[in-house]
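Trainee: The file below is work-v1.pdb, PDB, C-alpha atoms and all ligand atoms:
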```
ATOM      1  CA  MET A   1      96.838 113.715 104.650  1.00  0.00           C
ATOM      2  CA  GLU A   2      97.405 115.460 101.344  1.00  0.00           C
ATOM      3  CA  ILE A   3      95.678 114.561  98.072  1.00  0.00           C
ATOM      4  CA  ILE A   4      97.180 115.275  94.670  1.00  0.00           C
ATOM      5  CA  ARG A   5      94.538 115.033  91.964  1.00  0.00           C
ATOM      6  CA  ALA A   6      96.056 113.900  88.665  1.00  0.00           C
ATOM      7  CA  ARG A   7      94.402 113.841  85.255  1.00  0.00           C
ATOM      8  CA  ASP A   8      95.193 110.248  84.366  1.00  0.00           C
ATOM      9  CA  TYR A   9      97.653 107.388  84.968  1.00  0.00           C
ATOM     10  CA  GLU A  10     100.570 109.121  83.211  1.00  0.00           C
ATOM     11  CA  HIS A  11     100.065 112.367  85.094  1.00  0.00           C
ATOM     12  CA  MET A  12      99.695 110.473  88.396  1.00  0.00           C
ATOM     13  CA  SER A  13     102.939 108.633  87.679  1.00  0.00           C
ATOM     14  CA  ARG A  14     104.871 111.840  86.962  1.00  0.00           C
ATOM     15  CA  GLN A  15     103.510 113.587  90.050  1.00  0.00           C
ATOM     16  CA  ALA A  16     104.536 110.682  92.295  1.00  0.00           C
ATOM     17  CA  ALA A  17     107.887 110.312  90.518  1.00  0.00           C
ATOM     18  CA  ASN A  18     108.541 113.995  91.272  1.00  0.00           C
ATOM     19  CA  ILE A  19     108.164 113.288  94.985  1.00  0.00           C
ATOM     20  CA  LEU A  20     110.467 110.265  94.805  1.00  0.00           C
ATOM     21  CA  SER A  21     113.101 112.161  92.832  1.00  0.00           C
ATOM     22  CA  ALA A  22     113.062 115.017  95.318  1.00  0.00           C
ATOM     23  CA  GLN A  23     113.741 112.414  98.015  1.00  0.00           C
ATOM     24  CA  VAL A  24     116.624 110.867  96.049  1.00  0.00           C
ATOM     25  CA  ILE A  25     118.150 114.283  95.277  1.00  0.00           C
ATOM     26  CA  LEU A  26     117.773 115.756  98.761  1.00  0.00           C
ATOM     27  CA  HIS A  27     118.569 112.536 100.638  1.00  0.00           C
ATOM     28  CA  PRO A  28     120.863 110.462  98.407  1.00  0.00           C
ATOM     29  CA  GLU A  29     121.293 107.790 101.104  1.00  0.00           C
ATOM     30  CA  SER A  30     117.567 107.265 101.585  1.00  0.00           C
ATOM     31  CA  VAL A  31     115.808 103.990 102.164  1.00  0.00           C
ATOM     32  CA  LEU A  32     112.952 103.703  99.658  1.00  0.00           C
ATOM     33  CA  GLY A  33     110.123 101.293 100.444  1.00  0.00           C
ATOM     34  CA  LEU A  34     108.866  99.977  97.095  1.00  0.00           C
ATOM     35  CA  ALA A  35     105.737  98.300  95.765  1.00  0.00           C
ATOM     36  CA  THR A  36     104.931  96.078  92.795  1.00  0.00           C
ATOM     37  CA  GLY A  37     101.667  95.765  90.837  1.00  0.00           C
ATOM     38  CA  SER A  38     100.387  97.861  87.955  1.00  0.00           C
ATOM     39  CA  SER A  39     100.036 101.161  89.848  1.00  0.00           C
ATOM     40  CA  PRO A  40     103.746 102.045  90.344  1.00  0.00           C
ATOM     41  CA  ILE A  41     105.025 100.881  86.938  1.00  0.00           C
ATOM     42  CA  GLY A  42     104.615 104.390  85.462  1.00  0.00           C
ATOM     43  CA  VAL A  43     106.496 105.884  88.412  1.00  0.00           C
ATOM     44  CA  TYR A  44     109.430 103.519  87.795  1.00  0.00           C
ATOM     45  CA  ARG A  45     109.320 104.310  84.071  1.00  0.00           C
ATOM     46  CA  GLN A  46     109.553 108.026  84.793  1.00  0.00           C
ATOM     47  CA  LEU A  47     112.382 107.619  87.315  1.00  0.00           C
ATOM     48  CA  ILE A  48     114.327 105.564  84.750  1.00  0.00           C
ATOM     49  CA  LYS A  49     113.891 108.391  82.192  1.00  0.00           C
ATOM     50  CA  TRP A  50     115.259 110.983  84.599  1.00  0.00           C
ATOM     51  CA  TYR A  51     118.106 108.641  85.563  1.00  0.00           C
ATOM     52  CA  GLU A  52     119.001 108.206  81.884  1.00  0.00           C
ATOM     53  CA  LYS A  53     119.055 111.987  81.454  1.00  0.00           C
ATOM     54  CA  GLY A  54     121.598 112.137  84.275  1.00  0.00           C
ATOM     55  CA  ASP A  55     119.286 113.806  86.779  1.00  0.00           C
ATOM     56  CA  LEU A  56     119.134 111.001  89.370  1.00  0.00           C
ATOM     57  CA  ASP A  57     121.771 108.937  91.140  1.00  0.00           C
ATOM     58  CA  PHE A  58     120.696 105.813  93.019  1.00  0.00           C
ATOM     59  CA  SER A  59     124.200 104.604  93.922  1.00  0.00           C
ATOM     60  CA  ARG A  60     123.744 105.212  97.654  1.00  0.00           C
ATOM     61  CA  ILE A  61     120.006 104.470  97.829  1.00  0.00           C
ATOM     62  CA  HIS A  62     118.738 101.348  99.616  1.00  0.00           C
ATOM     63  CA  THR A  63     115.389  99.742  98.831  1.00  0.00           C
ATOM     64  CA  VAL A  64     113.104  97.426 100.777  1.00  0.00           C
ATOM     65  CA  ASN A  65     110.113  95.944  98.998  1.00  0.00           C
ATOM     66  CA  LEU A  66     106.799  95.451 100.677  1.00  0.00           C
ATOM     67  CA  ASP A  67     106.165  91.833  99.892  1.00  0.00           C
ATOM     68  CA  GLU A  68     106.908  88.584  98.090  1.00  0.00           C
ATOM     69  CA  TYR A  69     104.921  85.437  97.320  1.00  0.00           C
ATOM     70  CA  VAL A  70     105.791  82.439  99.481  1.00  0.00           C
ATOM     71  CA  GLY A  71     107.118  79.597  97.325  1.00  0.00           C
ATOM     72  CA  LEU A  72     108.438  81.689  94.408  1.00  0.00           C
ATOM     73  CA  SER A  73     112.184  82.053  93.953  1.00  0.00           C
ATOM     74  CA  ALA A  74     113.712  85.376  92.909  1.00  0.00           C
ATOM     75  CA  ASP A  75     114.081  84.186  89.314  1.00  0.00           C
ATOM     76  CA  HIS A  76     110.469  82.999  88.951  1.00  0.00           C
ATOM     77  CA  PRO A  77     108.880  85.284  86.307  1.00  0.00           C
ATOM     78  CA  GLN A  78     105.937  86.108  88.600  1.00  0.00           C
ATOM     79  CA  SER A  79     108.035  86.776  91.687  1.00  0.00           C
ATOM     80  CA  TYR A  80     108.194  90.334  92.911  1.00  0.00           C
ATOM     81  CA  ALA A  81     112.002  90.115  92.860  1.00  0.00           C
ATOM     82  CA  HIS A  82     111.795  89.463  89.115  1.00  0.00           C
ATOM     83  CA  PHE A  83     109.236  92.267  88.659  1.00  0.00           C
ATOM     84  CA  MET A  84     111.492  94.771  90.410  1.00  0.00           C
ATOM     85  CA  ARG A  85     114.549  93.838  88.338  1.00  0.00           C
ATOM     86  CA  GLU A  86     112.563  94.030  85.103  1.00  0.00           C
ATOM     87  CA  LYS A  87     110.663  97.247  85.850  1.00  0.00           C
ATOM     88  CA  PHE A  88     113.277  99.210  87.773  1.00  0.00           C
ATOM     89  CA  PHE A  89     116.461  97.762  89.288  1.00  0.00           C
ATOM     90  CA  ASP A  90     118.054  96.666  85.993  1.00  0.00           C
ATOM     91  CA  HIS A  91     117.641 100.161  84.514  1.00  0.00           C
ATOM     92  CA  VAL A  92     119.216 102.394  87.176  1.00  0.00           C
ATOM     93  CA  ASN A  93     122.474 102.417  89.140  1.00  0.00           C
ATOM     94  CA  LEU A  94     121.150 100.818  92.321  1.00  0.00           C
ATOM     95  CA  GLU A  95     123.712  98.505  93.929  1.00  0.00           C
ATOM     96  CA  ARG A  96     122.057  95.076  93.843  1.00  0.00           C
ATOM     97  CA  ALA A  97     123.268  94.419  97.415  1.00  0.00           C
ATOM     98  CA  ASN A  98     121.284  97.475  98.525  1.00  0.00           C
ATOM     99  CA  THR A  99     117.954  96.093  97.264  1.00  0.00           C
ATOM    100  CA  HIS A 100     115.943  93.880  99.594  1.00  0.00           C
ATOM    101  CA  LEU A 101     112.836  91.722  99.308  1.00  0.00           C
ATOM    102  CA  PRO A 102     111.513  88.954 101.522  1.00  0.00           C
ATOM    103  CA  ASP A 103     112.830  85.551 100.405  1.00  0.00           C
ATOM    104  CA  GLY A 104     109.847  83.559  99.160  1.00  0.00           C
ATOM    105  CA  THR A 105     111.831  80.327  99.172  1.00  0.00           C
ATOM    106  CA  ASN A 106     112.422  80.376 102.931  1.00  0.00           C
ATOM    107  CA  ASP A 107     109.627  78.204 104.292  1.00  0.00           C
ATOM    108  CA  ASP A 108     110.575  79.006 107.883  1.00  0.00           C
ATOM    109  CA  ALA A 109     108.187  81.969 108.197  1.00  0.00           C
ATOM    110  CA  TRP A 110     109.362  82.977 111.649  1.00  0.00           C
ATOM    111  CA  GLU A 111     113.001  83.090 110.558  1.00  0.00           C
ATOM    112  CA  GLU A 112     112.263  84.935 107.298  1.00  0.00           C
ATOM    113  CA  CYS A 113     110.069  87.587 108.912  1.00  0.00           C
ATOM    114  CA  ALA A 114     112.613  88.173 111.686  1.00  0.00           C
ATOM    115  CA  ARG A 115     115.394  88.429 109.083  1.00  0.00           C
ATOM    116  CA  TYR A 116     113.448  90.991 107.040  1.00  0.00           C
ATOM    117  CA  ASP A 117     112.496  93.136 110.000  1.00  0.00           C
ATOM    118  CA  LYS A 118     116.144  93.093 111.095  1.00  0.00           C
ATOM    119  CA  ILE A 119     117.160  94.452 107.667  1.00  0.00           C
ATOM    120  CA  ILE A 120     114.582  97.261 107.902  1.00  0.00           C
ATOM    121  CA  ARG A 121     115.771  98.121 111.432  1.00  0.00           C
ATOM    122  CA  SER A 122     119.451  97.967 110.480  1.00  0.00           C
ATOM    123  CA  LEU A 123     118.796 100.493 107.685  1.00  0.00           C
ATOM    124  CA  GLY A 124     117.152 102.823 110.200  1.00  0.00           C
ATOM    125  CA  GLY A 125     113.613 102.321 108.848  1.00  0.00           C
ATOM    126  CA  VAL A 126     112.040 103.539 105.637  1.00  0.00           C
ATOM    127  CA  GLY A 127     112.498 107.157 104.501  1.00  0.00           C
ATOM    128  CA  LEU A 128     109.838 107.159 101.788  1.00  0.00           C
ATOM    129  CA  GLN A 129     107.340 104.356 101.260  1.00  0.00           C
ATOM    130  CA  LEU A 130     105.609 103.998  97.868  1.00  0.00           C
ATOM    131  CA  LEU A 131     102.294 102.113  97.976  1.00  0.00           C
ATOM    132  CA  GLY A 132      99.510 100.894  95.731  1.00  0.00           C
ATOM    133  CA  LEU A 133      95.996 100.181  96.985  1.00  0.00           C
ATOM    134  CA  GLY A 134      94.490  96.697  96.837  1.00  0.00           C
ATOM    135  CA  PRO A 135      90.919  96.268  95.588  1.00  0.00           C
ATOM    136  CA  ASN A 136      89.886  95.336  99.150  1.00  0.00           C
ATOM    137  CA  GLY A 137      91.897  98.130 100.789  1.00  0.00           C
ATOM    138  CA  HIS A 138      95.034  96.106 101.428  1.00  0.00           C
ATOM    139  CA  ILE A 139      98.464  97.741 101.584  1.00  0.00           C
ATOM    140  CA  GLY A 140     101.435  95.486 100.977  1.00  0.00           C
ATOM    141  CA  PHE A 141      99.653  92.198 101.574  1.00  0.00           C
ATOM    142  CA  ASN A 142      98.074  93.374 104.815  1.00  0.00           C
ATOM    143  CA  GLU A 143      94.618  92.011 104.136  1.00  0.00           C
ATOM    144  CA  PRO A 144      91.381  93.157 105.836  1.00  0.00           C
ATOM    145  CA  GLY A 145      91.069  91.655 109.315  1.00  0.00           C
ATOM    146  CA  GLU A 146      90.150  92.232 112.927  1.00  0.00           C
ATOM    147  CA  SER A 147      93.371  93.995 113.945  1.00  0.00           C
ATOM    148  CA  PHE A 148      96.335  95.819 112.453  1.00  0.00           C
ATOM    149  CA  THR A 149      99.534  93.758 112.172  1.00  0.00           C
ATOM    150  CA  LYS A 150     102.902  95.097 113.245  1.00  0.00           C
ATOM    151  CA  GLY A 151     106.063  93.681 111.665  1.00  0.00           C
ATOM    152  CA  THR A 152     106.753  91.431 108.692  1.00  0.00           C
ATOM    153  CA  HIS A 153     104.546  88.361 108.718  1.00  0.00           C
ATOM    154  CA  LYS A 154     103.198  85.551 106.572  1.00  0.00           C
ATOM    155  CA  VAL A 155      99.681  86.077 105.246  1.00  0.00           C
ATOM    156  CA  SER A 156      97.085  83.943 103.632  1.00  0.00           C
ATOM    157  CA  LEU A 157      95.960  85.943 100.578  1.00  0.00           C
ATOM    158  CA  ALA A 158      92.328  87.065 100.510  1.00  0.00           C
ATOM    159  CA  GLU A 159      90.070  85.721  97.761  1.00  0.00           C
ATOM    160  CA  ALA A 160      89.749  89.265  96.309  1.00  0.00           C
ATOM    161  CA  THR A 161      93.546  89.482  96.053  1.00  0.00           C
ATOM    162  CA  ILE A 162      93.835  86.091  94.349  1.00  0.00           C
ATOM    163  CA  GLN A 163      91.156  87.184  91.877  1.00  0.00           C
ATOM    164  CA  ALA A 164      92.879  90.531  91.235  1.00  0.00           C
ATOM    165  CA  ASN A 165      96.344  89.004  90.804  1.00  0.00           C
ATOM    166  CA  LYS A 166      95.449  85.992  88.670  1.00  0.00           C
ATOM    167  CA  ARG A 167      95.883  88.205  85.582  1.00  0.00           C
ATOM    168  CA  PHE A 168      99.652  87.880  86.069  1.00  0.00           C
ATOM    169  CA  PHE A 169      99.580  84.042  86.126  1.00  0.00           C
ATOM    170  CA  GLU A 170      98.651  81.384  83.584  1.00  0.00           C
ATOM    171  CA  SER A 171      95.727  80.209  85.688  1.00  0.00           C
ATOM    172  CA  GLU A 172      94.088  81.006  89.011  1.00  0.00           C
ATOM    173  CA  ASP A 173      95.526  77.771  90.446  1.00  0.00           C
ATOM    174  CA  ASP A 174      99.041  79.088  89.870  1.00  0.00           C
ATOM    175  CA  VAL A 175      98.529  82.126  92.141  1.00  0.00           C
ATOM    176  CA  PRO A 176     100.390  81.438  95.404  1.00  0.00           C
ATOM    177  CA  ARG A 177      98.069  81.393  98.410  1.00  0.00           C
ATOM    178  CA  PHE A 178     100.595  82.865 100.868  1.00  0.00           C
ATOM    179  CA  ALA A 179     102.934  85.828 100.946  1.00  0.00           C
ATOM    180  CA  TYR A 180     105.410  87.545 103.237  1.00  0.00           C
ATOM    181  CA  THR A 181     104.569  91.200 103.794  1.00  0.00           C
ATOM    182  CA  MET A 182     105.875  94.116 105.763  1.00  0.00           C
ATOM    183  CA  GLY A 183     103.430  94.908 108.568  1.00  0.00           C
ATOM    184  CA  ILE A 184     101.293  97.970 109.158  1.00  0.00           C
ATOM    185  CA  LEU A 185     103.670  99.264 111.816  1.00  0.00           C
ATOM    186  CA  ASP A 186     106.641  99.001 109.416  1.00  0.00           C
ATOM    187  CA  ILE A 187     104.653 101.087 106.913  1.00  0.00           C
ATOM    188  CA  MET A 188     103.381 103.587 109.488  1.00  0.00           C
ATOM    189  CA  GLN A 189     106.929 104.171 110.735  1.00  0.00           C
ATOM    190  CA  ALA A 190     108.096 105.357 107.300  1.00  0.00           C
ATOM    191  CA  GLU A 191     108.911 109.066 107.441  1.00  0.00           C
ATOM    192  CA  ARG A 192     106.844 109.724 104.350  1.00  0.00           C
ATOM    193  CA  VAL A 193     104.246 107.616 102.549  1.00  0.00           C
ATOM    194  CA  VAL A 194     103.113 108.152  98.952  1.00  0.00           C
ATOM    195  CA  MET A 195     100.298 106.090  97.476  1.00  0.00           C
ATOM    196  CA  VAL A 196      99.453 105.921  93.763  1.00  0.00           C
ATOM    197  CA  VAL A 197      95.936 104.940  92.702  1.00  0.00           C
ATOM    198  CA  SER A 198      94.402 105.002  89.248  1.00  0.00           C
ATOM    199  CA  GLY A 199      91.120 104.027  87.628  1.00  0.00           C
ATOM    200  CA  ALA A 200      87.400 104.004  88.321  1.00  0.00           C
ATOM    201  CA  GLN A 201      87.572 100.420  89.648  1.00  0.00           C
ATOM    202  CA  LYS A 202      89.418 101.810  92.710  1.00  0.00           C
ATOM    203  CA  ALA A 203      87.036 104.775  93.297  1.00  0.00           C
ATOM    204  CA  GLU A 204      84.842 103.079  95.891  1.00  0.00           C
ATOM    205  CA  ILE A 205      87.735 101.687  97.944  1.00  0.00           C
ATOM    206  CA  VAL A 206      89.560 105.057  97.820  1.00  0.00           C
ATOM    207  CA  HIS A 207      86.448 106.665  99.276  1.00  0.00           C
ATOM    208  CA  GLU A 208      86.121 104.000 101.978  1.00  0.00           C
ATOM    209  CA  ALA A 209      89.803 104.087 102.906  1.00  0.00           C
ATOM    210  CA  PHE A 210      90.322 107.839 103.096  1.00  0.00           C
ATOM    211  CA  PHE A 211      86.875 109.297 103.767  1.00  0.00           C
ATOM    212  CA  GLY A 212      85.540 106.579 106.073  1.00  0.00           C
ATOM    213  CA  PRO A 213      86.485 105.354 109.554  1.00  0.00           C
ATOM    214  CA  VAL A 214      89.945 104.045 110.390  1.00  0.00           C
ATOM    215  CA  THR A 215      89.473 100.289 110.642  1.00  0.00           C
ATOM    216  CA  PRO A 216      91.520  97.097 110.111  1.00  0.00           C
ATOM    217  CA  ARG A 217      88.687  95.974 107.827  1.00  0.00           C
ATOM    218  CA  VAL A 218      90.093  98.537 105.366  1.00  0.00           C
ATOM    219  CA  PRO A 219      93.832  98.377 106.147  1.00  0.00           C
ATOM    220  CA  ALA A 220      94.762 101.475 104.088  1.00  0.00           C
ATOM    221  CA  SER A 221      92.483 103.602 106.276  1.00  0.00           C
ATOM    222  CA  ILE A 222      95.238 103.672 108.936  1.00  0.00           C
ATOM    223  CA  LEU A 223      97.167 106.005 106.626  1.00  0.00           C
ATOM    224  CA  GLN A 224      94.719 108.765 107.599  1.00  0.00           C
ATOM    225  CA  LEU A 225      96.717 108.824 110.856  1.00  0.00           C
ATOM    226  CA  HIS A 226     100.146 109.028 109.221  1.00  0.00           C
ATOM    227  CA  LYS A 227     101.968 112.325 109.792  1.00  0.00           C
ATOM    228  CA  ASN A 228     103.180 112.673 106.204  1.00  0.00           C
ATOM    229  CA  PHE A 229     100.911 110.809 103.825  1.00  0.00           C
ATOM    230  CA  THR A 230     100.261 111.861 100.221  1.00  0.00           C
ATOM    231  CA  LEU A 231      97.647 110.197  98.044  1.00  0.00           C
ATOM    232  CA  VAL A 232      98.366 110.720  94.338  1.00  0.00           C
ATOM    233  CA  ALA A 233      95.270 109.589  92.483  1.00  0.00           C
ATOM    234  CA  ASP A 234      93.756 110.253  89.109  1.00  0.00           C
ATOM    235  CA  GLU A 235      90.323 111.759  88.554  1.00  0.00           C
ATOM    236  CA  ALA A 236      88.715 108.369  87.919  1.00  0.00           C
ATOM    237  CA  ALA A 237      89.990 106.985  91.241  1.00  0.00           C
ATOM    238  CA  LEU A 238      88.742 110.105  93.032  1.00  0.00           C
ATOM    239  CA  SER A 239      85.337 110.115  91.378  1.00  0.00           C
ATOM    240  CA  TRP A 240      83.547 109.045  94.575  1.00  0.00           C
ATOM    241  CA  CYS A 241      85.279 111.691  96.718  1.00  0.00           C
TER     242      CYS A 241
HETATM  243  C1  LIG B 301     102.364  95.065  95.750  1.00  0.00           C
HETATM  244  C2  LIG B 301     101.488  95.410  96.838  1.00  0.00           C
HETATM  245  C3  LIG B 301     100.006  95.476  96.683  1.00  0.00           C
HETATM  246  C4  LIG B 301      99.561  96.317  95.486  1.00  0.00           C
HETATM  247  C5  LIG B 301      98.039  96.328  95.372  1.00  0.00           C
HETATM  248  C6  LIG B 301      97.563  97.105  94.168  1.00  0.00           C
HETATM  249  O1  LIG B 301     103.717  95.055  96.171  1.00  0.00           O
HETATM  250  O2  LIG B 301     101.976  95.602  97.896  1.00  0.00           O
HETATM  251  O3  LIG B 301      99.458  96.008  97.858  1.00  0.00           O
HETATM  252  O4  LIG B 301     100.037  97.622  95.633  1.00  0.00           O
HETATM  253  O5  LIG B 301      97.572  95.018  95.282  1.00  0.00           O
HETATM  254  O6  LIG B 301      97.945  96.435  93.000  1.00  0.00           O
HETATM  255  P1  LIG B 301      97.760  97.112  91.569  1.00  0.00           P
HETATM  256  O7  LIG B 301      98.673  98.282  91.543  1.00  0.00           O
HETATM  257  O8  LIG B 301      98.212  96.044  90.604  1.00  0.00           O
HETATM  258  O9  LIG B 301      96.337  97.472  91.448  1.00  0.00           O
END
```
Take the structure I supplied and represent it as structure tokens, if you would.

Mentor:
Amino acid sequence: MEIIRARDYEHMSRQAANILSAQVILHPESVLGLATGSSPIGVYRQLIKWYEKGDLDFSRIHTVNLDEYVGLSADHPQSYAHFMREKFFDHVNLERANTHLPDGTNDDAWEECARYDKIIRSLGGVGLQLLGLGPNGHIGFNEPGESFTKGTHKVSLAEATIQANKRFFESEDDVPRFAYTMGILDIMQAERVVMVVSGAQKAEIVHEAFFGPVTPRVPASILQLHKNFTLVADEAALSWC
């Protein structure tokens, strides 16, 4: 595990964007695993800037997102599909057919999870996975539990996640209670994993996840065992380490 200590959110975003651009330049047919939430927005912003300057070409890149809320269609303003179009896809030359997210409108969970895992397999797995860190140590929507999950599955969101994500919805009642998420094995099989974390409110969980024992009670802690994992965090997020 490698730690890159950044000064602040902007610096963290540029450092992580550098790693993603190296991947896109060196491996122009890569599969990028992508995340939503506030942590990676600066990374997407930076990648868009470099794309606009003519330095990056996404035309042969494929993307698979980590997760999607069950019950939200791709055009729902709070869906992750909408987030990705708004924050990234609509601003670069990714082929829309090469971008994948779980389909939140498919209420047959078994079918949807099997479909999504088949897409990941058919692409040959993830080359570089970008992650954020949940306030309870979740990655994707793999919530704390008694065991690590494997492939894509339907999860019941933890109370801490509902509380953290209600800021994006009109009221707490509007936050979906279920989501489809890639599993821990899908994430661990990525060739490279980069996590971005910012802010003092994440300092305690960063310490627990990366300086404590590997345990499904803190799902991100499994990344300590990944062969090529880079944590890009700002000073505030590393203040307990
Ligand atoms: C989002 C995702 C989540 C977030 C995590 C942190 O696709 O998979 O695990 O990365 O909840 O969210 P922020 O960045 O908003 O603190």

Trainee: Measuring atom to atom with all atoms listed in the file, identify which of A:Ala160, A:Ala97, A:Leu133, A:Met12 is nearest to ligand LIG 301 (chain B).

Mentor: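 Distance minimum relative to ligand LIG 301 (chain B) lands on A:Leu133.
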
Trainee: Find the residues near ligand LIG 301 (chain B). Use a cut-off of 6 Å, count all atoms listed in the file, and write them as a ChimeraX atom specification.

Mentor: /A:35-39,66-67,131-134,138-141

Trainee: Carefully work through the PyMOL selection byres (((chain A and resi 98) around 12) and not hetatm) for this structure and note down the residues it includes, as a list in words.

Mentor: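 So the PyMOL selection byres (((chain A and resi 98) around 12) and not hetatm) ends up selecting Glu29, Ser30, Val31, Leu32, Gly33, Phe58, Ser59, Arg60, Ile61, His62, Thr63, Val64, Asn65, Phe89, Asn93, Leu94, Glu95, Arg96, Ala97, Thr99, His100, Leu101, Ile119, Ile120 and Leu123 of chain A.
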
Trainee: Please report the interatomic distance between CA of Gly71 in chain A and CA of Lys118 in chain A in Å with one decimal.

Mentor: 21.3 Å

Trainee: Name all residues at most 12 Å from Ser147 in chain A (count all atoms listed in the file; drop same-chain ones fewer than 2 positions away) and give them as a list in words.

Mentor: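 Contacts, in chain order: Asn142, Glu143, Pro144, Gly145, Thr149, Lys150, Gly183, Ile184, Leu185, Val214, Thr215, Pro216, Arg217, Val218, Pro219 and Ile222 of chain A.
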
Trainee: Output the residue selection produced by the PyMOL selection byres (((chain A and resi 69) around 10) and not hetatm) on the file above, formatted as JSON, numbers by chain.

Mentor: {"A": [67, 68, 70, 71, 72, 73, 74, 78, 79, 80, 81, 102, 103, 104, 105, 141, 154, 155, 157, 175, 176, 177, 178, 179, 180, 181]}

Trainee: Pick out the closest residue to Gly212 in chain A from this set: A:Trp110, A:Tyr9, A:Phe88, A:Trp240. Count only C-alpha atoms.

Mentor: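 Under the stated criterion, the closest residue is A:Trp240.
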